[in-house]
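Below is upload-v9.txt, holding compact mmCIF, C-alpha atoms and all ligand atoms.
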# COMPACT_ATOMS: atom_id res chain seq x y z
CA MET Q 1 7.47 -26.06 0.73
CA LEU Q 2 6.44 -25.76 4.33
CA HIS Q 3 7.79 -22.48 5.54
CA PHE Q 4 7.33 -22.78 9.26
CA GLY Q 5 7.78 -25.93 11.29
CA ALA Q 6 4.49 -26.71 12.98
CA VAL Q 7 4.44 -27.31 16.70
CA GLY Q 8 4.69 -30.98 17.51
CA GLU Q 9 5.91 -31.98 14.08
CA ASP Q 10 9.36 -33.24 13.40
CA ASN Q 11 10.07 -30.59 10.89
CA VAL Q 12 13.66 -29.94 10.03
CA MET Q 13 13.01 -27.44 7.26
CA PRO Q 14 14.72 -24.15 7.91
CA GLU Q 15 12.29 -21.37 8.68
CA THR Q 16 12.24 -18.94 5.82
CA CYS Q 17 10.58 -15.66 4.98
CA CYS Q 18 7.41 -16.33 2.96
CA ILE Q 19 8.31 -13.51 0.59
CA CYS Q 20 12.06 -13.47 -0.05
CA LEU Q 21 12.88 -16.97 1.28
CA GLN Q 22 15.70 -15.66 3.48
CA GLU Q 23 16.18 -17.58 6.70
CA VAL Q 24 14.36 -15.98 9.60
CA ASN Q 25 14.09 -16.54 13.33
CA PRO Q 26 11.16 -18.78 14.32
CA PRO Q 27 8.02 -16.71 13.66
CA THR Q 28 5.75 -16.12 16.62
CA ARG Q 29 2.16 -17.18 16.42
CA ASN Q 30 -0.48 -14.64 17.28
CA PRO Q 31 -2.67 -16.09 20.04
CA ASN Q 32 -5.73 -14.10 18.91
CA ASP Q 33 -5.95 -15.13 15.30
CA ASP Q 34 -4.41 -17.45 12.76
CA THR Q 35 -1.45 -15.27 11.87
CA TYR Q 36 2.28 -15.49 12.28
CA ARG Q 37 4.50 -12.52 13.05
CA VAL Q 38 7.60 -12.76 10.87
CA HIS Q 39 10.69 -10.63 11.22
CA CYS Q 40 12.82 -10.77 8.10
CA LEU Q 41 16.05 -8.80 7.82
CA VAL Q 42 15.29 -8.02 4.17
CA CYS Q 43 11.53 -7.40 4.10
CA GLY Q 44 10.98 -6.28 7.67
CA GLU Q 45 8.17 -7.26 10.02
CA TYR Q 46 4.79 -8.56 8.92
CA GLU Q 47 1.85 -10.70 10.05
CA ILE Q 48 0.82 -13.37 7.60
CA ALA Q 49 -2.22 -15.64 7.71
CA ASP Q 50 -1.43 -19.24 8.60
CA ASP Q 51 -2.94 -20.57 5.33
CA LEU Q 52 -0.84 -18.29 3.18
CA SER Q 53 2.35 -18.98 5.12
CA ARG Q 54 1.86 -22.68 4.44
CA ALA Q 55 1.11 -22.29 0.76
CA SER Q 56 3.49 -24.19 -1.46
CA PHE Q 57 6.06 -22.19 -3.32
CA SER Q 58 8.77 -23.84 -5.31
CA SER Q 59 10.33 -20.40 -5.51
CA ARG Q 60 9.53 -16.87 -4.39
CA PRO Q 61 5.93 -15.71 -4.94
CA PRO Q 62 5.36 -13.64 -8.11
CA ASN Q 63 6.59 -10.06 -7.78
CA SER Q 64 8.28 -10.89 -4.49
CA HIS Q 65 10.44 -7.76 -4.76
CA LEU Q 66 7.27 -5.63 -4.74
CA LEU Q 67 5.96 -7.57 -1.74
CA SER Q 68 9.24 -7.04 0.12
CA GLY Q 69 9.06 -3.34 -0.77
CA ALA Q 70 5.46 -3.12 0.48
CA VAL Q 71 6.35 -4.60 3.88
CA ARG Q 72 9.39 -2.40 4.19
CA GLU Q 73 7.56 0.79 3.25
CA THR Q 74 4.73 0.02 5.68
CA ASN Q 75 7.31 -0.58 8.41
CA GLU Q 76 9.04 2.71 7.55
CA ASN Q 77 5.68 4.39 8.09
CA GLY Q 78 5.53 2.88 11.56
CA ARG Q 79 3.16 0.00 10.91
CA ILE Q 80 3.30 -3.78 10.66
CA PRO Q 81 1.15 -5.05 7.77
CA THR Q 82 -1.25 -7.97 8.32
CA PHE Q 83 -2.49 -9.87 5.30
CA THR Q 84 -4.23 -13.03 4.22
CA ARG Q 85 -3.33 -12.69 0.53
CA PHE Q 86 -0.36 -11.20 -1.26
CA ASP Q 87 -2.51 -8.83 -3.34
CA GLU Q 88 -3.94 -7.56 -0.08
CA LEU Q 89 -0.41 -6.63 1.00
CA LEU Q 90 0.20 -4.80 -2.30
CA SER Q 91 -3.05 -2.89 -1.89
CA LEU Q 92 -1.54 -1.20 1.19
CA VAL Q 93 0.99 0.78 -0.81
CA ARG Q 94 1.44 2.61 -4.06
CA VAL Q 95 3.86 0.46 -6.02
CA PRO Q 96 6.46 2.49 -8.00
CA LYS Q 97 5.70 2.56 -11.71
CA ASN Q 98 9.10 3.52 -13.11
CA PRO Q 99 12.76 4.03 -12.10
CA ILE Q 100 12.17 7.68 -11.14
CA ASP Q 101 9.44 6.54 -8.75
CA MET Q 102 11.91 4.05 -7.29
CA MET Q 103 14.53 6.75 -6.81
CA ASP Q 104 11.97 9.02 -5.16
CA ARG Q 105 11.16 6.23 -2.66
CA VAL Q 106 14.80 6.08 -1.63
CA LEU Q 107 14.86 9.85 -1.06
CA LEU Q 108 11.58 9.79 0.88
CA SER Q 109 12.74 6.98 3.15
CA LEU Q 110 16.11 8.66 3.61
CA GLN Q 111 14.68 11.97 4.77
CA LYS Q 112 13.22 10.27 7.84
CA THR Q 113 16.71 9.38 9.04
CA GLN Q 114 18.27 12.77 8.33
CA GLU Q 115 17.34 14.68 11.44
CA LYS Q 116 20.92 15.77 11.94
CA VAL Q 117 22.92 17.13 9.04
CA GLY Q 118 26.12 15.22 8.46
CA THR Q 119 24.84 11.83 9.61
CA PRO Q 120 24.62 9.57 6.57
CA ARG Q 121 22.59 6.38 6.48
CA ASN Q 122 24.57 3.24 5.87
CA TYR Q 123 22.87 0.78 3.55
CA THR Q 124 23.43 -2.96 3.59
CA ASP Q 125 22.76 -5.67 1.00
CA LYS Q 126 19.44 -6.27 2.77
CA ASP Q 127 18.10 -2.75 2.14
CA TYR Q 128 17.12 -3.14 -1.52
CA PRO Q 129 13.34 -3.29 -0.76
CA LEU Q 130 13.56 0.41 0.22
CA ALA Q 131 13.58 1.12 -3.53
CA TYR Q 132 11.32 -1.80 -4.49
CA ALA Q 133 14.41 -3.06 -6.33
CA HIS Q 134 14.82 -6.69 -7.41
CA ASP Q 135 18.12 -7.09 -5.58
CA GLN Q 136 21.04 -5.19 -4.06
CA ILE Q 137 22.71 -4.73 -7.45
CA GLU Q 138 19.74 -2.80 -8.78
CA PHE Q 139 19.51 -0.90 -5.50
CA TYR Q 140 23.13 0.24 -5.59
CA GLN Q 141 22.69 1.35 -9.19
CA ILE Q 142 19.81 3.53 -8.07
CA ILE Q 143 21.97 5.02 -5.29
CA GLU Q 144 24.71 5.68 -7.81
CA THR Q 145 22.30 7.46 -10.15
CA LEU Q 146 20.97 9.57 -7.29
CA ARG Q 147 24.51 10.54 -6.39
CA LYS Q 148 25.38 11.44 -9.97
CA MET Q 149 22.22 13.54 -10.21
CA GLY Q 150 23.35 15.46 -7.16
CA TYR Q 151 20.55 14.29 -4.84
CA LEU Q 152 22.91 12.35 -2.60
CA ARG Q 153 26.20 13.53 -1.19
CA ASP Q 154 29.24 11.95 -2.78
CA TYR Q 155 31.04 9.96 -0.11
CA TYR Q 156 34.04 8.92 -2.19
CA GLN Q 157 31.58 7.33 -4.62
CA ALA Q 158 30.46 4.82 -2.01
CA ASN Q 159 27.13 3.29 -2.96
CA ASN Q 160 26.25 2.07 0.50
CA VAL Q 161 25.97 5.53 2.04
CA GLY Q 162 23.07 7.94 1.74
CA GLU Q 163 22.84 11.59 2.76
CA LEU Q 164 20.55 14.15 1.16
CA THR Q 165 22.14 17.18 -0.45
CA TYR Q 166 20.45 20.56 -0.80
CA GLN Q 167 19.07 19.35 -4.14
CA GLY Q 168 17.96 16.08 -2.55
CA TRP Q 169 16.00 17.99 0.09
CA GLN Q 170 14.45 20.15 -2.61
CA ARG Q 171 13.23 17.02 -4.37
CA VAL Q 172 11.78 15.61 -1.14
CA ILE Q 173 9.91 18.86 -0.47
CA GLU Q 174 8.65 18.95 -4.05
CA LEU Q 175 7.34 15.40 -3.67
CA GLY Q 176 5.60 16.33 -0.43
CA ASP Q 177 3.91 19.32 -2.03
CA LYS Q 178 2.51 17.21 -4.82
CA ARG Q 179 0.49 15.18 -2.37
CA ALA Q 180 -3.04 16.26 -1.76
CA VAL Q 181 -3.52 18.39 1.28
CA GLY Q 182 -6.71 18.35 3.25
CA ASP Q 183 -8.75 15.48 4.55
CA GLN Q 184 -11.40 14.92 1.90
CA ALA Q 185 -12.27 11.34 0.96
CA PHE Q 186 -14.33 10.94 -2.19
CA VAL Q 187 -16.94 8.19 -1.97
CA ALA Q 188 -17.88 6.57 -5.28
CA MET Q 189 -20.91 4.32 -4.96
CA PRO Q 190 -24.30 3.73 -6.55
CA PHE Q 191 -27.15 5.93 -5.38
CA ARG Q 192 -29.77 3.41 -4.43
CA ALA Q 193 -32.08 3.55 -1.45
CA ASP Q 194 -31.21 -0.04 -0.53
CA LEU Q 195 -27.54 0.94 -0.25
CA ASN Q 196 -28.04 3.96 2.02
CA ALA Q 197 -27.01 1.97 5.07
CA LEU Q 198 -23.80 1.05 3.28
CA TYR Q 199 -22.89 4.72 3.36
CA GLU Q 200 -24.45 5.80 6.66
CA VAL Q 201 -23.41 2.79 8.76
CA GLY Q 202 -20.37 1.55 6.83
CA ILE Q 203 -18.35 4.04 4.83
CA LYS Q 204 -19.12 7.39 6.48
CA PRO Q 205 -18.36 6.43 10.11
CA ALA Q 206 -15.21 4.55 9.01
CA LEU Q 207 -13.87 7.65 7.27
CA LYS Q 208 -14.75 9.92 10.18
CA GLU Q 209 -13.11 7.58 12.67
CA THR Q 210 -9.87 7.71 10.70
CA GLY Q 211 -9.89 11.50 10.37
CA TYR Q 212 -11.38 11.98 6.89
CA SER Q 213 -14.24 14.15 5.68
CA PRO Q 214 -16.35 11.97 3.42
CA LEU Q 215 -17.78 13.52 0.26
CA ARG Q 216 -20.56 11.74 -1.55
CA VAL Q 217 -21.75 13.73 -4.51
CA ASP Q 218 -25.48 13.52 -4.90
CA LYS Q 219 -25.71 12.67 -8.53
CA THR Q 220 -29.39 13.52 -8.74
CA LEU Q 221 -28.30 17.15 -8.50
CA HIS Q 222 -25.88 16.64 -11.33
CA ASN Q 223 -27.96 14.92 -13.95
CA GLU Q 224 -26.30 11.53 -13.38
CA LYS Q 225 -23.31 12.47 -15.49
CA ILE Q 226 -19.66 12.66 -14.67
CA ASP Q 227 -19.39 16.40 -14.73
CA ASP Q 228 -16.73 18.97 -13.94
CA TYR Q 229 -17.85 19.13 -10.35
CA ILE Q 230 -17.12 15.45 -9.77
CA ILE Q 231 -13.78 15.68 -11.56
CA SER Q 232 -12.70 18.68 -9.50
CA GLN Q 233 -13.80 17.05 -6.24
CA ILE Q 234 -11.80 13.90 -7.00
CA GLN Q 235 -8.79 16.09 -7.72
CA LYS Q 236 -9.19 17.75 -4.32
CA SER Q 237 -9.47 14.45 -2.46
CA ARG Q 238 -6.81 12.56 -0.64
CA ILE Q 239 -8.27 9.09 -1.05
CA LEU Q 240 -11.23 7.54 -2.87
CA VAL Q 241 -13.44 4.77 -1.57
CA ALA Q 242 -15.20 2.94 -4.39
CA ASP Q 243 -17.97 0.42 -3.79
CA PHE Q 244 -18.61 -1.78 -6.82
CA THR Q 245 -21.83 -3.37 -5.59
CA GLY Q 246 -24.23 -3.26 -8.55
CA GLN Q 247 -21.46 -2.66 -11.11
CA ASN Q 248 -22.19 1.04 -11.52
CA ALA Q 249 -20.42 2.56 -14.56
CA GLY Q 250 -19.85 5.86 -12.77
CA VAL Q 251 -18.01 4.08 -9.96
CA TYR Q 252 -15.69 2.37 -12.45
CA PHE Q 253 -14.95 5.70 -14.08
CA GLU Q 254 -14.34 7.58 -10.83
CA ALA Q 255 -12.06 4.85 -9.44
CA GLY Q 256 -10.08 4.73 -12.67
CA TYR Q 257 -9.76 8.49 -12.80
CA ALA Q 258 -8.55 8.68 -9.18
CA MET Q 259 -6.07 5.90 -9.83
CA GLY Q 260 -4.67 7.85 -12.78
CA LEU Q 261 -4.17 10.84 -10.49
CA GLY Q 262 -2.18 8.65 -8.12
CA LEU Q 263 -4.76 8.71 -5.31
CA HIS Q 264 -5.13 5.77 -2.97
CA VAL Q 265 -8.22 3.92 -4.15
CA ILE Q 266 -9.88 1.56 -1.69
CA ARG Q 267 -12.19 -0.90 -3.45
CA THR Q 268 -15.09 -2.58 -1.74
CA CYS Q 269 -17.88 -4.87 -2.93
CA ARG Q 270 -20.72 -6.88 -1.43
CA LYS Q 271 -19.95 -10.57 -1.08
CA GLY Q 272 -21.72 -13.03 -3.35
CA GLU Q 273 -23.21 -12.29 -6.76
CA ASP Q 274 -21.98 -8.69 -6.83
CA PHE Q 275 -18.42 -9.78 -6.19
CA LYS Q 276 -18.62 -12.51 -8.82
CA ASN Q 277 -19.86 -9.98 -11.38
CA LEU Q 278 -16.94 -7.58 -10.95
CA HIS Q 279 -15.66 -6.39 -14.27
CA PHE Q 280 -12.66 -8.32 -15.51
CA ASP Q 281 -10.39 -5.25 -15.64
CA THR Q 282 -10.91 -4.39 -12.01
CA ARG Q 283 -11.02 -7.90 -10.58
CA GLN Q 284 -7.23 -8.01 -10.52
CA TYR Q 285 -7.24 -5.42 -7.71
CA PHE Q 286 -7.88 -6.25 -4.11
CA HIS Q 287 -11.45 -5.59 -2.98
CA ILE Q 288 -12.70 -5.60 0.58
CA GLU Q 289 -15.65 -7.99 0.58
CA TRP Q 290 -18.47 -7.13 2.97
CA GLU Q 291 -21.70 -8.75 4.08
CA GLU Q 292 -23.20 -6.09 6.33
CA PRO Q 293 -22.42 -2.35 6.47
CA GLN Q 294 -21.18 -2.76 10.04
CA ASP Q 295 -18.58 -5.34 9.06
CA LEU Q 296 -17.49 -3.14 6.15
CA LYS Q 297 -16.98 -0.29 8.60
CA GLU Q 298 -14.54 -2.33 10.68
CA LYS Q 299 -12.64 -3.60 7.65
CA LEU Q 300 -12.44 -0.13 6.19
CA VAL Q 301 -11.08 1.36 9.42
CA ASN Q 302 -8.40 -1.34 9.52
CA ARG Q 303 -7.50 -0.76 5.89
CA ILE Q 304 -7.26 3.02 6.21
CA ASN Q 305 -5.26 2.73 9.43
CA ALA Q 306 -2.78 0.50 7.64
CA LEU Q 307 -2.69 2.74 4.61
CA THR Q 308 -3.00 6.41 5.26
CA PRO Q 309 -4.71 7.37 8.51
CA LEU Q 310 -5.12 11.04 9.34
CA LYS Q 311 -5.41 10.38 13.07
ZN ZN T 401 11.88 -11.49 3.51

Go ahead and express the file in the form of structure tokens.
Ligand SMILES: [Zn+2]
Amino acid sequence: MLHFGAVGEDNVMPETCCICLQEVNPPTRNPNDDTYRVHCLVCGEYEIADDLSRASFSSRPPNSHLLSGAVRETNENGRIPTFTRFDELLSLVRVPKNPIDMMDRVLLSLQKTQEKVGTPRNYTDKDYPLAYAHDQIEFYQIIETLRKMGYLRDYYQANNVGELTYQGWQRVIELGDKRAVGDQAFVAMPFRADLNALYEVGIKPALKETGYSPLRVDKTLHNEKIDDYIISQIQKSRILVADFTGQNAGVYFEAGYAMGLGLHVIRTCRKGEDFKNLHFDTRQYFHIEWEEPQDLKEKLVNRINALTPLK
């Protein structure tokens, strides 16, 4: 299916969102690159690469509800995501893993609209991506559960209205406290002289530019083993940047450990042989491919700015 009518073609196909297939206004083409800016009433606003927008779907792309949720959450955080692949879009957010996670997302998005007590948010059938729900039916069930649990005020049992109760605010504050404080970014990468520039010219300046303090643990001081010091430093970090060039076992471990803690993990790898040799288990995740440290720096800054910038 061609999603957007190309200029100069007699295309009578309706223009539809590439994610949820809802009809949208004609997307605007970005003059600077090959992307389209789409504004969907369900998903929100996003910039999608021309190639991907023209890919053939007989139906929605796999996990379209997660993709809609990712766009919506990024928008709620004040940004418009740009992506060339759908897994790239998913790498910008932390996808909820269970229904409690989904409920927490609703509370977290709601708190941003609750500046004045007594002003509820009205939900529509197009708001289900706020919970990463499959559809509005699932979304309204989540609202109902939140109301029954006492997190949302009971407006005559209406499911399309949201206002945090005292308990709801307590939950939001609890969720905020669980997040790492501080600005430390753990850097997991092999310690090889030929990769020094990767750190000095690529990763370190990118982290500094986005407000992070990079921490690269010199493993020579720690007998090359994953010791308590490394574990405790990952726990104290806010994000982890993992470079998989050279397929270092320590990097796989540290990235997996950080992921288990719920940290944002940004994966990078040198283009070519290194990228082809990525371990099967990790290949499913989006990796930033780089050729030179300088180009990695730019890509990393863009990624962090889309994800979780500190400045
Ligand atoms: Zn959409």

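Nearest-residue note for Q:Asn302: choosing from Q:Gly260, Q:Gly272, Q:Gly118, Q:Pro81, the minimum distance belongs to Q:Pro81, counting all atoms listed in the file.
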
(request) Can you tell me which residues come within 7 Å of ligand ZN 401 (chain T) when counting only C-alpha atoms and all ligand atoms, ideally as a ChimeraX atom specification? (result) /Q:17-22,40-44,68

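The space between atom CA of Q:His264 and atom CA of Q:Lys112 spans 21.8 Å.
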
(message) Which residues are close to Q:Tyr151, i.e. within 9 Å by all atoms listed in the file, leaving aside same-chain residues fewer than 3 positions away? Reply as a list in words.
(response)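 Counting only the stated atoms, we get Leu107, Thr145, Leu146, Arg147, Lys148, Glu163, Leu164, Thr165, Tyr166, Gln167, Gly168, Trp169, Gln170 and Arg171 of chain Q.
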
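Using only C-alpha atoms, the nearest neighbour of Q:Asp101 within the list Q:Ala258, Q:Leu195, Q:Leu175, Q:Leu240 is Q:Leu175.
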
(message) Measuring between only C-alpha atoms, which one of Q:Ala185, Q:Leu130, Q:Leu66, Q:Met259 shows the shortest distance to Q:Thr308?
(response)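 Checking each candidate against Q:Thr308, we get Q:Ala185 as the closest.
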
(message) What's the separation between atom CA of Q:Arg37 and atom CA of Q:Asp125, in Å to one decimal place?
(response)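 These two atoms are separated by 22.9 Å.
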